[in-house]
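Participant: This is data27.pdb, which holds PDB, C-alpha atoms:
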ATOM      1  CA  MET A  14      63.674 -29.843 -10.396
ATOM      2  CA  LYS A  15      66.504 -28.701  -8.132
ATOM      3  CA  TYR A  16      67.186 -29.268  -4.446
ATOM      4  CA  TYR A  17      68.795 -26.573  -2.305
ATOM      5  CA  PRO A  18      69.939 -28.233   0.931
ATOM      6  CA  ASP A  19      71.248 -25.184   2.817
ATOM      7  CA  ALA A  20      71.260 -21.849   1.041
ATOM      8  CA  HIS A  21      71.026 -19.243   3.796
ATOM      9  CA  ASP A  22      74.770 -18.500   3.658
ATOM     10  CA  LEU A  23      74.265 -17.209   0.108
ATOM     11  CA  LEU A  24      71.946 -14.425   1.301
ATOM     12  CA  THR A  25      72.439 -11.122   3.101
ATOM     13  CA  TYR A  26      69.907  -9.272   5.206
ATOM     14  CA  PRO A  27      69.786  -6.161   3.001
ATOM     15  CA  GLU A  28      68.634  -8.234   0.025
ATOM     16  CA  VAL A  29      66.283 -10.397   2.107
ATOM     17  CA  ASN A  30      64.752  -7.289   3.708
ATOM     18  CA  HIS A  31      64.219  -5.760   0.270
ATOM     19  CA  ALA A  32      62.635  -8.929  -1.140
ATOM     20  CA  VAL A  33      60.290  -9.263   1.833
ATOM     21  CA  GLU A  34      59.328  -5.593   1.608
ATOM     22  CA  GLU A  35      58.432  -6.115  -2.058
ATOM     23  CA  VAL A  36      56.045  -8.966  -1.323
ATOM     24  CA  PHE A  37      54.448  -7.069   1.559
ATOM     25  CA  ALA A  38      53.773  -4.280  -0.955
ATOM     26  CA  GLU A  39      52.118  -6.791  -3.294
ATOM     27  CA  HIS A  40      50.034  -8.007  -0.354
ATOM     28  CA  GLY A  41      49.064  -4.411   0.464
ATOM     29  CA  ARG A  42      47.865  -3.939  -3.123
ATOM     30  CA  GLY A  43      45.779  -7.121  -2.940
ATOM     31  CA  ASN A  44      47.867  -8.856  -5.605
ATOM     32  CA  VAL A  45      48.452 -12.222  -3.896
ATOM     33  CA  GLN A  46      46.561 -15.446  -3.291
ATOM     34  CA  MET A  47      47.306 -16.753   0.195
ATOM     35  CA  PRO A  48      44.919 -18.715   2.417
ATOM     36  CA  PRO A  49      45.716 -18.779   6.154
ATOM     37  CA  LYS A  50      48.079 -21.403   7.545
ATOM     38  CA  ILE A  51      46.638 -24.862   8.099
ATOM     39  CA  TYR A  52      47.609 -26.448  11.438
ATOM     40  CA  ILE A  53      47.877 -30.098  12.436
ATOM     41  CA  THR A  54      48.515 -30.603  16.150
ATOM     42  CA  PHE A  55      50.708 -33.382  17.565
ATOM     43  CA  ASN A  56      51.334 -34.326  21.188
ATOM     44  CA  ARG A  57      54.593 -32.378  21.317
ATOM     45  CA  GLY A  58      54.262 -29.845  18.519
ATOM     46  CA  ASP A  59      52.481 -28.959  15.326
ATOM     47  CA  LEU A  60      52.733 -29.031  11.532
ATOM     48  CA  ARG A  61      51.765 -26.057   9.362
ATOM     49  CA  THR A  62      51.250 -25.802   5.608
ATOM     50  CA  MET A  63      51.506 -22.404   3.932
ATOM     51  CA  PRO A  64      50.590 -22.042   0.225
ATOM     52  CA  ALA A  65      50.766 -18.814  -1.788
ATOM     53  CA  TYR A  66      50.809 -17.402  -5.307
ATOM     54  CA  ILE A  67      52.154 -13.997  -6.388
ATOM     55  CA  PRO A  68      51.061 -13.535 -10.035
ATOM     56  CA  GLY A  69      53.130 -10.397 -10.639
ATOM     57  CA  MET A  70      56.291 -12.291  -9.724
ATOM     58  CA  ASN A  71      55.269 -15.612 -11.316
ATOM     59  CA  LEU A  72      55.873 -17.292  -7.951
ATOM     60  CA  ALA A  73      53.844 -20.140  -6.480
ATOM     61  CA  GLY A  74      54.539 -22.770  -3.875
ATOM     62  CA  VAL A  75      54.019 -24.029  -0.355
ATOM     63  CA  LYS A  76      56.066 -24.171   2.811
ATOM     64  CA  ILE A  77      55.731 -27.053   5.250
ATOM     65  CA  VAL A  78      56.950 -26.124   8.724
ATOM     66  CA  ASN A  79      56.890 -27.755  12.146
ATOM     67  CA  VAL A  80      57.177 -26.224  15.610
ATOM     68  CA  HIS A  81      58.286 -28.632  18.339
ATOM     69  CA  PRO A  82      59.391 -26.716  21.480
ATOM     70  CA  GLU A  83      61.102 -29.741  23.078
ATOM     71  CA  ASN A  84      63.333 -30.411  20.062
ATOM     72  CA  PRO A  85      66.460 -28.637  21.404
ATOM     73  CA  SER A  86      66.711 -31.245  24.169
ATOM     74  CA  HIS A  87      67.084 -33.825  21.362
ATOM     75  CA  GLY A  88      69.640 -31.775  19.442
ATOM     76  CA  LEU A  89      67.068 -30.623  16.868
ATOM     77  CA  PRO A  90      65.816 -27.125  15.949
ATOM     78  CA  THR A  91      62.479 -26.056  17.388
ATOM     79  CA  VAL A  92      61.401 -24.991  13.906
ATOM     80  CA  MET A  93      62.201 -26.931  10.716
ATOM     81  CA  ALA A  94      60.860 -26.113   7.271
ATOM     82  CA  THR A  95      60.809 -27.120   3.602
ATOM     83  CA  THR A  96      59.628 -24.967   0.707
ATOM     84  CA  LEU A  97      58.365 -26.433  -2.577
ATOM     85  CA  LEU A  98      58.112 -24.137  -5.613
ATOM     86  CA  ILE A  99      55.991 -25.007  -8.640
ATOM     87  CA  ASP A 100      55.619 -23.598 -12.131
ATOM     88  CA  PRO A 101      52.293 -21.672 -12.111
ATOM     89  CA  GLU A 102      51.732 -22.520 -15.798
ATOM     90  CA  THR A 103      52.060 -26.299 -15.529
ATOM     91  CA  GLY A 104      52.164 -27.187 -11.839
ATOM     92  CA  VAL A 105      55.513 -28.947 -12.320
ATOM     93  CA  PRO A 106      57.679 -28.748  -9.173
ATOM     94  CA  THR A 107      60.763 -26.628  -9.854
ATOM     95  CA  ALA A 108      62.607 -26.484  -6.526
ATOM     96  CA  ILE A 109      62.768 -28.030  -3.064
ATOM     97  CA  ILE A 110      64.478 -25.820  -0.513
ATOM     98  CA  ASN A 111      65.643 -26.470   3.041
ATOM     99  CA  ALA A 112      63.947 -23.460   4.619
ATOM    100  CA  THR A 113      64.840 -23.966   8.285
ATOM    101  CA  ALA A 114      67.452 -21.195   8.551
ATOM    102  CA  LEU A 115      65.648 -19.215   5.841
ATOM    103  CA  THR A 116      62.545 -19.093   8.049
ATOM    104  CA  ASP A 117      64.549 -17.264  10.699
ATOM    105  CA  MET A 118      65.795 -14.803   8.080
ATOM    106  CA  ARG A 119      62.431 -14.039   6.493
ATOM    107  CA  THR A 120      60.789 -13.515   9.893
ATOM    108  CA  GLY A 121      63.631 -11.250  10.924
ATOM    109  CA  ALA A 122      63.157  -9.339   7.683
ATOM    110  CA  SER A 123      59.480  -8.694   8.421
ATOM    111  CA  GLY A 124      60.492  -7.107  11.722
ATOM    112  CA  ALA A 125      63.067  -4.996   9.902
ATOM    113  CA  VAL A 126      60.445  -3.758   7.431
ATOM    114  CA  ALA A 127      58.099  -2.911  10.306
ATOM    115  CA  ALA A 128      60.885  -1.060  12.130
ATOM    116  CA  LYS A 129      61.756   0.888   8.982
ATOM    117  CA  TYR A 130      58.212   2.212   8.573
ATOM    118  CA  LEU A 131      56.784   2.277  12.102
ATOM    119  CA  ALA A 132      59.626   2.890  14.581
ATOM    120  CA  GLN A 133      59.744   6.672  14.637
ATOM    121  CA  LYS A 134      62.569   7.262  17.146
ATOM    122  CA  LYS A 135      65.940   6.770  15.463
ATOM    123  CA  PRO A 136      68.707   5.851  16.143
ATOM    124  CA  LEU A 137      67.124   3.012  18.055
ATOM    125  CA  THR A 138      67.434   1.586  21.507
ATOM    126  CA  ILE A 139      66.025  -1.921  21.054
ATOM    127  CA  GLY A 140      64.716  -4.068  23.893
ATOM    128  CA  PHE A 141      64.487  -7.840  23.411
ATOM    129  CA  VAL A 142      62.221 -10.117  25.422
ATOM    130  CA  GLY A 143      63.560 -13.534  24.480
ATOM    131  CA  SER A 144      67.082 -14.340  23.325
ATOM    132  CA  GLY A 145      66.749 -17.315  20.982
ATOM    133  CA  ARG A 146      67.372 -17.716  17.262
ATOM    134  CA  GLN A 147      64.615 -15.345  16.229
ATOM    135  CA  ALA A 148      65.898 -12.601  18.528
ATOM    136  CA  HIS A 149      69.265 -12.830  16.745
ATOM    137  CA  ALA A 150      67.513 -12.766  13.363
ATOM    138  CA  GLN A 151      65.469  -9.714  14.330
ATOM    139  CA  LEU A 152      68.545  -7.815  15.479
ATOM    140  CA  ASN A 153      70.617  -8.643  12.406
ATOM    141  CA  ALA A 154      67.766  -7.821  10.034
ATOM    142  CA  ILE A 155      66.868  -4.552  11.777
ATOM    143  CA  ALA A 156      70.531  -3.534  11.768
ATOM    144  CA  ALA A 157      70.441  -3.725   7.960
ATOM    145  CA  ASN A 158      67.554  -1.208   7.829
ATOM    146  CA  CYS A 159      68.082   1.070  10.846
ATOM    147  CA  VAL A 160      70.821   2.612  12.980
ATOM    148  CA  ILE A 161      70.984   0.875  16.355
ATOM    149  CA  GLU A 162      72.329   2.823  19.317
ATOM    150  CA  ARG A 163      71.855   0.329  22.166
ATOM    151  CA  VAL A 164      70.491  -3.163  22.824
ATOM    152  CA  LEU A 165      68.765  -4.383  26.004
ATOM    153  CA  VAL A 166      67.757  -8.006  26.548
ATOM    154  CA  TRP A 167      65.855 -10.149  29.022
ATOM    155  CA  SER A 168      65.396 -13.914  28.929
ATOM    156  CA  ARG A 169      63.862 -16.436  31.304
ATOM    157  CA  ARG A 170      67.349 -17.879  31.742
ATOM    158  CA  ARG A 171      69.836 -15.212  32.744
ATOM    159  CA  GLU A 172      72.757 -17.005  31.090
ATOM    160  CA  HIS A 173      70.959 -16.921  27.728
ATOM    161  CA  ALA A 174      70.414 -13.171  27.994
ATOM    162  CA  GLU A 175      74.067 -12.657  28.927
ATOM    163  CA  ALA A 176      75.228 -14.760  25.969
ATOM    164  CA  PHE A 177      73.008 -12.728  23.633
ATOM    165  CA  ALA A 178      74.390  -9.454  24.984
ATOM    166  CA  ALA A 179      77.965 -10.707  24.691
ATOM    167  CA  ALA A 180      77.420 -11.430  20.992
ATOM    168  CA  TYR A 181      76.777  -7.733  20.240
ATOM    169  CA  PRO A 182      79.389  -5.590  22.010
ATOM    170  CA  GLY A 183      79.222  -3.019  19.218
ATOM    171  CA  TYR A 184      75.710  -2.069  20.309
ATOM    172  CA  GLY A 185      76.555  -1.776  23.997
ATOM    173  CA  ALA A 186      74.244  -4.729  24.554
ATOM    174  CA  VAL A 187      73.351  -5.460  28.161
ATOM    175  CA  ALA A 188      71.368  -8.227  29.858
ATOM    176  CA  LEU A 189      68.827  -6.854  32.340
ATOM    177  CA  LYS A 190      67.174  -8.518  35.326
ATOM    178  CA  THR A 191      63.554  -7.591  34.632
ATOM    179  CA  ILE A 192      61.270  -7.272  31.614
ATOM    180  CA  GLN A 193      60.161  -3.845  32.805
ATOM    181  CA  GLU A 194      63.711  -2.507  32.448
ATOM    182  CA  VAL A 195      63.909  -3.798  28.872
ATOM    183  CA  CYS A 196      60.709  -1.918  27.989
ATOM    184  CA  ASP A 197      62.533   1.419  28.377
ATOM    185  CA  CYS A 198      63.353   1.446  24.669
ATOM    186  CA  ASP A 199      62.282   2.830  21.292
ATOM    187  CA  LEU A 200      61.626  -0.578  19.722
ATOM    188  CA  LEU A 201      60.580  -3.606  21.745
ATOM    189  CA  VAL A 202      60.941  -7.052  20.141
ATOM    190  CA  THR A 203      59.171 -10.034  21.736
ATOM    191  CA  THR A 204      60.108 -13.501  20.484
ATOM    192  CA  THR A 205      58.831 -15.931  23.119
ATOM    193  CA  PRO A 206      56.322 -18.830  22.822
ATOM    194  CA  SER A 207      54.358 -17.480  25.810
ATOM    195  CA  ARG A 208      50.681 -18.229  26.336
ATOM    196  CA  GLU A 209      50.399 -15.636  29.107
ATOM    197  CA  PRO A 210      51.007 -11.886  28.683
ATOM    198  CA  LEU A 211      54.559 -10.900  29.619
ATOM    199  CA  ILE A 212      54.498  -7.187  28.748
ATOM    200  CA  ARG A 213      52.309  -4.976  30.935
ATOM    201  CA  SER A 214      50.679  -1.930  29.375
ATOM    202  CA  GLU A 215      51.972   0.490  32.019
ATOM    203  CA  TRP A 216      55.586  -0.434  31.177
ATOM    204  CA  ILE A 217      55.325   0.902  27.610
ATOM    205  CA  PHE A 218      56.041   4.573  26.921
ATOM    206  CA  ASP A 219      54.244   6.684  24.327
ATOM    207  CA  GLY A 220      55.950   6.557  20.935
ATOM    208  CA  THR A 221      57.272   3.011  21.366
ATOM    209  CA  HIS A 222      57.047   0.556  18.494
ATOM    210  CA  ILE A 223      56.689  -3.172  19.260
ATOM    211  CA  ASN A 224      57.493  -6.107  16.989
ATOM    212  CA  ALA A 225      55.295  -8.856  18.469
ATOM    213  CA  ILE A 226      56.821 -11.953  16.873
ATOM    214  CA  GLY A 227      56.206 -14.856  19.243
ATOM    215  CA  ALA A 228      52.431 -15.290  18.968
ATOM    216  CA  ASP A 229      52.055 -17.350  15.794
ATOM    217  CA  ALA A 230      49.473 -19.957  16.780
ATOM    218  CA  LEU A 231      46.104 -20.210  18.483
ATOM    219  CA  GLY A 232      46.334 -19.454  22.212
ATOM    220  CA  LYS A 233      49.686 -17.685  22.180
ATOM    221  CA  GLN A 234      50.081 -14.127  23.495
ATOM    222  CA  GLU A 235      52.919 -11.982  24.813
ATOM    223  CA  LEU A 236      51.271  -8.586  25.353
ATOM    224  CA  ASP A 237      48.817  -7.296  27.936
ATOM    225  CA  PRO A 238      45.455  -6.873  26.124
ATOM    226  CA  ALA A 239      45.214  -3.405  27.706
ATOM    227  CA  LEU A 240      48.291  -2.484  25.667
ATOM    228  CA  LEU A 241      46.530  -3.488  22.440
ATOM    229  CA  LEU A 242      43.697  -1.121  23.362
ATOM    230  CA  ARG A 243      46.190   1.744  23.804
ATOM    231  CA  ALA A 244      48.090   0.980  20.611
ATOM    232  CA  GLU A 245      47.707   1.064  16.849
ATOM    233  CA  VAL A 246      48.024  -2.582  15.789
ATOM    234  CA  PHE A 247      49.276  -3.418  12.293
ATOM    235  CA  VAL A 248      49.095  -7.086  11.294
ATOM    236  CA  ASP A 249      50.843  -9.002   8.528
ATOM    237  CA  ASP A 250      47.518 -10.500   7.363
ATOM    238  CA  TYR A 251      44.044  -9.864   8.783
ATOM    239  CA  GLU A 252      42.618 -13.368   8.634
ATOM    240  CA  GLN A 253      45.733 -15.124   9.841
ATOM    241  CA  ALA A 254      46.358 -12.656  12.685
ATOM    242  CA  VAL A 255      42.813 -12.983  14.000
ATOM    243  CA  HIS A 256      43.256 -16.750  14.121
ATOM    244  CA  SER A 257      46.800 -17.036  15.434
ATOM    245  CA  GLY A 258      48.484 -13.661  16.003
ATOM    246  CA  GLU A 259      48.955 -11.530  19.102
ATOM    247  CA  VAL A 260      45.341 -10.378  18.794
ATOM    248  CA  ASN A 261      43.852 -13.896  18.711
ATOM    249  CA  VAL A 262      43.311 -14.435  22.451
ATOM    250  CA  PRO A 263      41.997 -10.918  23.215
ATOM    251  CA  ILE A 264      39.561 -11.181  20.284
ATOM    252  CA  ARG A 265      38.272 -14.598  21.372
ATOM    253  CA  SER A 266      37.838 -13.360  24.941
ATOM    254  CA  GLY A 267      35.937 -10.258  23.800
ATOM    255  CA  ILE A 268      38.531  -7.777  25.086
ATOM    256  CA  TYR A 269      39.666  -6.638  21.652
ATOM    257  CA  SER A 270      37.847  -6.341  18.341
ATOM    258  CA  ALA A 271      39.238  -7.099  14.889
ATOM    259  CA  GLU A 272      37.698  -3.824  13.736
ATOM    260  CA  ARG A 273      40.297  -1.982  15.839
ATOM    261  CA  ILE A 274      43.197  -3.292  13.703
ATOM    262  CA  ALA A 275      44.839  -0.256  12.112
ATOM    263  CA  GLY A 276      45.940  -1.995   8.898
ATOM    264  CA  THR A 277      48.453  -4.416   7.447
ATOM    265  CA  LEU A 278      52.176  -3.948   7.112
ATOM    266  CA  GLY A 279      51.731  -4.144   3.343
ATOM    267  CA  GLU A 280      49.341  -1.195   3.490
ATOM    268  CA  VAL A 281      51.949   0.713   5.492
ATOM    269  CA  VAL A 282      54.661  -0.078   2.932
ATOM    270  CA  ILE A 283      52.571   1.281   0.039
ATOM    271  CA  GLY A 284      51.601   4.392   2.030
ATOM    272  CA  LYS A 285      47.918   3.537   2.438
ATOM    273  CA  LYS A 286      48.184   3.332   6.253
ATOM    274  CA  HIS A 287      50.599   4.839   8.792
ATOM    275  CA  ARG A 288      51.087   5.634  12.473
ATOM    276  CA  SER A 289      48.802   8.500  13.534
ATOM    277  CA  SER A 290      51.362  10.513  15.496
ATOM    278  CA  SER A 291      54.846  10.450  16.993
ATOM    279  CA  ASP A 292      53.340   9.707  20.415
ATOM    280  CA  ALA A 293      51.307   6.718  19.232
ATOM    281  CA  ILE A 294      52.279   3.244  20.403
ATOM    282  CA  THR A 295      52.461   0.971  17.367
ATOM    283  CA  ILE A 296      52.519  -2.825  17.255
ATOM    284  CA  PHE A 297      53.433  -5.100  14.370
ATOM    285  CA  ASP A 298      51.620  -8.405  14.916
ATOM    286  CA  SER A 299      53.655 -10.951  12.957
ATOM    287  CA  THR A 300      52.365 -14.450  12.223
ATOM    288  CA  GLY A 301      54.670 -15.254   9.281
ATOM    289  CA  LEU A 302      53.331 -15.326   5.731
ATOM    290  CA  ALA A 303      53.833 -17.772   2.880
ATOM    291  CA  ILE A 304      54.603 -14.856   0.549
ATOM    292  CA  GLN A 305      57.700 -14.143   2.656
ATOM    293  CA  ASP A 306      58.829 -17.707   2.026
ATOM    294  CA  LEU A 307      58.296 -17.295  -1.720
ATOM    295  CA  ALA A 308      60.327 -14.081  -1.647
ATOM    296  CA  ILE A 309      63.318 -15.712   0.000
ATOM    297  CA  ALA A 310      62.984 -18.858  -2.133
ATOM    298  CA  ARG A 311      63.273 -16.729  -5.258
ATOM    299  CA  LEU A 312      66.548 -15.284  -3.944
ATOM    300  CA  VAL A 313      67.862 -18.786  -3.302
ATOM    301  CA  ILE A 314      67.164 -20.077  -6.810
ATOM    302  CA  GLU A 315      68.621 -16.908  -8.344
ATOM    303  CA  GLN A 316      71.887 -17.231  -6.431
ATOM    304  CA  GLY A 317      72.355 -20.956  -5.770
ATOM    305  CA  GLU A 318      73.133 -23.772  -8.164
ATOM    306  CA  GLY A 319      71.157 -26.525  -6.450
ATOM    307  CA  MET A 320      71.263 -30.265  -7.030
ATOM    308  CA  GLU A 321      69.346 -31.786  -9.946
ATOM    309  CA  LEU A 322      66.544 -34.182  -8.938
ATOM    310  CA  SER A 323      64.402 -36.214 -11.289
ATOM    311  CA  PHE A 324      60.668 -35.665 -11.016
ATOM    312  CA  LEU A 325      59.165 -36.611 -14.380
TER     313      LEU A 325
END
So that I can check it, write out the structure of this file as structure tokens.

Facilitator:
Amino acid sequence: MKYYPDAHDLLTYPEVNHAVEEVFAEHGRGNVQMPPKIYITFNRGDLRTMPAYIPGMNLAGVKIVNVHPENPSHGLPTVMATTLLIDPETGVPTAIINATALTDMRTGASGAVAAKYLAQKKPLTIGFVGSGRQAHAQLNAIAANCVIERVLVWSRRREHAEAFAAAYPGYGAVALKTIQEVCDCDLLVTTTPSREPLIRSEWIFDGTHINAIGADALGKQELDPALLLRAEVFVDDYEQAVHSGEVNVPIRSGIYSAERIAGTLGEVVIGKKHRSSSDAITIFDSTGLAIQDLAIARLVIEQGEGMELSFL
């Protein structure tokens, strides 16, 4: 068994995007085993376990990930993760991978895949609601798949939005004062931990695509439920999205029905589903899938040497 303590510097977004797109295609074909995330709730955060098996790629394993929003005040990341790979034939562990930074990359890659297939106005003006690590990952991943013309950003703390904008002068990035201003874009990316809708339906123009990234646990939501009713919603996984995605609160409150979901991103990748028209509003409801973690883990073990650990 090998240990990979920090392998994200070995990887580039073009290859991560491609690997994640491949596993979404396998998901769209029904060729994966992947139960929904299991959550354990603590006083200040939660722990999630995410197992999966992709037979066609001979990949199996589990990611263990925590989300503790107060961690930055203690000098720790909000999200930390470890991936364990096993040999499907014997069950012997083959790799342990520090997946903290890799989690940012694989989530960014899912947004890039969604933008590639669902954002129909290109080159893109991208609006960001939220300016943390995942916003950076989304921008860098999308830039590897699409041409970006301009970047707009809003954050609860103005200085954070300004720092984000300053990091991307090549895109004419600008920090705006209101969320409504940021919504005047081709692709809107939301990456906040909000439990109250931030994006009002009337702010979104026809033809906009939205990557709804922040809602990844029960009770979280970033979008006005009225917007979901106007839009074509594509999820990463039906069962997981209904439990913990952007649609979870509207479904539980009876405002939205799971039957309205337009399809999965995997089905879009393989051509089974697609946006209905250029004027349609589309939403990618991302919860983060274990198959994405297997995809990026495979890249790590192909490119990194790792440290030998004794298991048997």

Participant: Check what the PyMOL selection byres ((chain A and resi 134-147) around 7) selects in the file above and give those residues as a VMD selection string.

Facilitator: chain A and resid 117 121 132 to 133 148 to 151 160 to 168 173 to 174 177 192 195 to 196 198 to 205

Participant: Please tabulate, as a tab-separated table, the residues of region 175-252 of chain A that come within 9 Å of region 42-52 of chain A, each with its closest pair of atoms and the distance in Å to one decimal, counting only C-alpha atoms and ordering rows by chain, then residue number upward.

Facilitator:
residue	atom	partner	partner_atom	distance
A:Ala230	CA	A:Tyr52	CA	8.6
A:Asp250	CA	A:Pro49	CA	8.6
A:Glu252	CA	A:Pro49	CA	6.7

Participant: Translate the PyMOL selection byres ((chain A and resi 92-102) around 7), as applied to the file shown, into an explicit residue set as a list of chain:residue names.

Facilitator: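 Taken over the shown coordinates, the PyMOL selection byres ((chain A and resi 92-102) around 7) returns A:Asn71, A:Ala73, A:Gly74, A:Val75, A:Lys76, A:Ile77, A:Val78, A:Asn79, A:Val80, A:His81, A:Pro90, A:Thr91, A:Thr103, A:Gly104, A:Val105, A:Pro106, A:Thr107, A:Ala108, A:Ile109, A:Ile110, A:Asn111, A:Ala112, A:Thr113.
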
Participant: Name the closest residue to Glu215 (chain A) among the candidates A:Arg273, A:Arg311, A:Arg119, A:Arg243; distances are taken between atoms, counting all atoms listed in the file.

Facilitator: A:Arg243

Participant: So what does the PyMOL selection byres ((chain A and resi 301) around 10) actually pick up in this one, as a ChimeraX atom specification?

Facilitator: /A:50,63,116,119-121,123,226,228-229,249-250,253-254,258,298-300,302-306

Participant: Which one is closest to Ala122 (chain A): A:Lys233, A:Arg213, A:His31, A:Lys285? Count all atoms listed in the file.

Facilitator: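 Looking at the shortest contact to Ala122 (chain A), the residue is A:His31.
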
Participant: Could you check which residues have any atom within 9 Å of (57.3, -9.8, -7.9), counting only C-alpha atoms with coordinates taken straight from the file, and then list them as a ChimeraX atom specification?

Facilitator: /A:32,35-36,39,67-72,308

Participant: Point out the residue among A:Ala65, A:Arg265, A:Ile296, A:Gly220 with the least atom-to-atom distance to Leu236 (chain A), counting all atoms listed in the file.

Facilitator: A:Ile296

Participant: Counting all atoms listed in the file, which residues come within 10 Å of (68.4, -32.0, -9.5), with the point read in the file's coordinates, and could you list them as a CSV table (one decimal) with C-alpha atoms, in the frame of the given file?

Facilitator:
chain,number,residue,atom,x,y,z
A,14,MET,CA,63.7,-29.8,-10.4
A,15,LYS,CA,66.5,-28.7,-8.1
A,16,TYR,CA,67.2,-29.3,-4.4
A,17,TYR,CA,68.8,-26.6,-2.3
A,107,THR,CA,60.8,-26.6,-9.9
A,108,ALA,CA,62.6,-26.5,-6.5
A,109,ILE,CA,62.8,-28.0,-3.1
A,318,GLU,CA,73.1,-23.8,-8.2
A,319,GLY,CA,71.2,-26.5,-6.4
A,320,MET,CA,71.3,-30.3,-7.0
A,321,GLU,CA,69.3,-31.8,-9.9
A,322,LEU,CA,66.5,-34.2,-8.9
A,323,SER,CA,64.4,-36.2,-11.3
A,324,PHE,CA,60.7,-35.7,-11.0

Participant: If I take CA of Leu231 (chain A) and CA of Thr191 (chain A), how far is one from the other in Å, to one decimal?

Facilitator: 26.9 Å

Participant: Pick the closest to Val262 (chain A) from A:Leu131, A:Leu241, A:Val248, A:Ala179: which is it, counting all atoms listed in the file?

Facilitator: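 For Val262 (chain A), the nearest of the given residues is A:Leu241.
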
Participant: By how many Å are CA of Tyr251 (chain A) and CA of Thr277 (chain A) apart?

Facilitator: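 Result for CA of Tyr251 (chain A) versus CA of Thr277 (chain A): 7.1 Å, one decimal.
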
Participant: Emit as AutoDock Vina command-line options the padded axis-aligned box for all listed atoms of region 105-115 of chain A, 5 Å per side, with centre and edge lengths in Å to one decimal.

Facilitator:
--center_x 61.5 --center_y -24.1 --center_z -1.9 --size_x 21.9 --size_y 19.7 --size_z 30.9

Participant: Find the distance between CA of Ser257 (chain A) and CA of Gly227 (chain A) and write it in Å to one decimal.

Facilitator: 10.4 Å

Participant: Looking at only C-alpha atoms, which of A:Phe218, A:Leu278, A:Ile223, A:Gly317 is the one that sits closest to Asp292 (chain A)?

Facilitator: A:Phe218

Participant: Residues within 10 Å of region 237-239 of chain A, please, as a list in words. Count only C-alpha atoms; anything in the same chain fewer than 2 positions from it doesn't count.

Facilitator: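 In the requested form, the answer reads Glu209, Pro210, Leu211, Ile212, Arg213, Ser214, Glu215, Gln234, Glu235, Leu241, Leu242, Arg243, Ala244, Glu259, Val260, Val262, Pro263, Ile264, Ile268 and Tyr269 of chain A.
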
Participant: Since the input has fewer atoms than a full residue there, write region 34-46 of chain A out with N, CA and C atoms, as a short mmCIF file (atom, residue, chain, number, x, y, z; two decimals), in the coordinates of the input.

Facilitator:
data_model
loop_
_atom_site.label_atom_id
_atom_site.label_comp_id
_atom_site.auth_asym_id
_atom_site.auth_seq_id
_atom_site.Cartn_x
_atom_site.Cartn_y
_atom_site.Cartn_z
N GLU A 34 60.08 -6.84 1.74
CA GLU A 34 59.33 -5.59 1.61
C GLU A 34 58.53 -5.56 0.30
N GLU A 35 59.12 -6.07 -0.77
CA GLU A 35 58.43 -6.12 -2.06
C GLU A 35 57.17 -6.95 -2.00
N VAL A 36 57.24 -8.12 -1.35
CA VAL A 36 56.04 -8.97 -1.32
C VAL A 36 54.99 -8.43 -0.35
N PHE A 37 55.43 -7.74 0.71
CA PHE A 37 54.45 -7.07 1.56
C PHE A 37 53.71 -6.00 0.76
N ALA A 38 54.43 -5.28 -0.11
CA ALA A 38 53.77 -4.28 -0.96
C ALA A 38 52.73 -4.93 -1.87
N GLU A 39 53.08 -6.07 -2.46
CA GLU A 39 52.12 -6.79 -3.29
C GLU A 39 50.89 -7.21 -2.47
N HIS A 40 51.13 -7.65 -1.25
CA HIS A 40 50.03 -8.01 -0.35
C HIS A 40 49.17 -6.78 -0.07
N GLY A 41 49.81 -5.63 0.19
CA GLY A 41 49.06 -4.41 0.46
C GLY A 41 48.20 -3.96 -0.70
N ARG A 42 48.63 -4.29 -1.92
CA ARG A 42 47.86 -3.94 -3.12
C ARG A 42 46.77 -4.97 -3.43
N GLY A 43 46.77 -6.07 -2.69
CA GLY A 43 45.78 -7.12 -2.94
C GLY A 43 46.14 -8.02 -4.09
N ASN A 44 47.43 -8.11 -4.42
CA ASN A 44 47.87 -8.86 -5.60
C ASN A 44 48.45 -10.23 -5.28
N VAL A 45 47.96 -10.88 -4.23
CA VAL A 45 48.45 -12.22 -3.90
C VAL A 45 47.27 -13.13 -3.59
N GLN A 46 47.48 -14.42 -3.79
CA GLN A 46 46.56 -15.45 -3.29
C GLN A 46 47.25 -16.17 -2.15
#
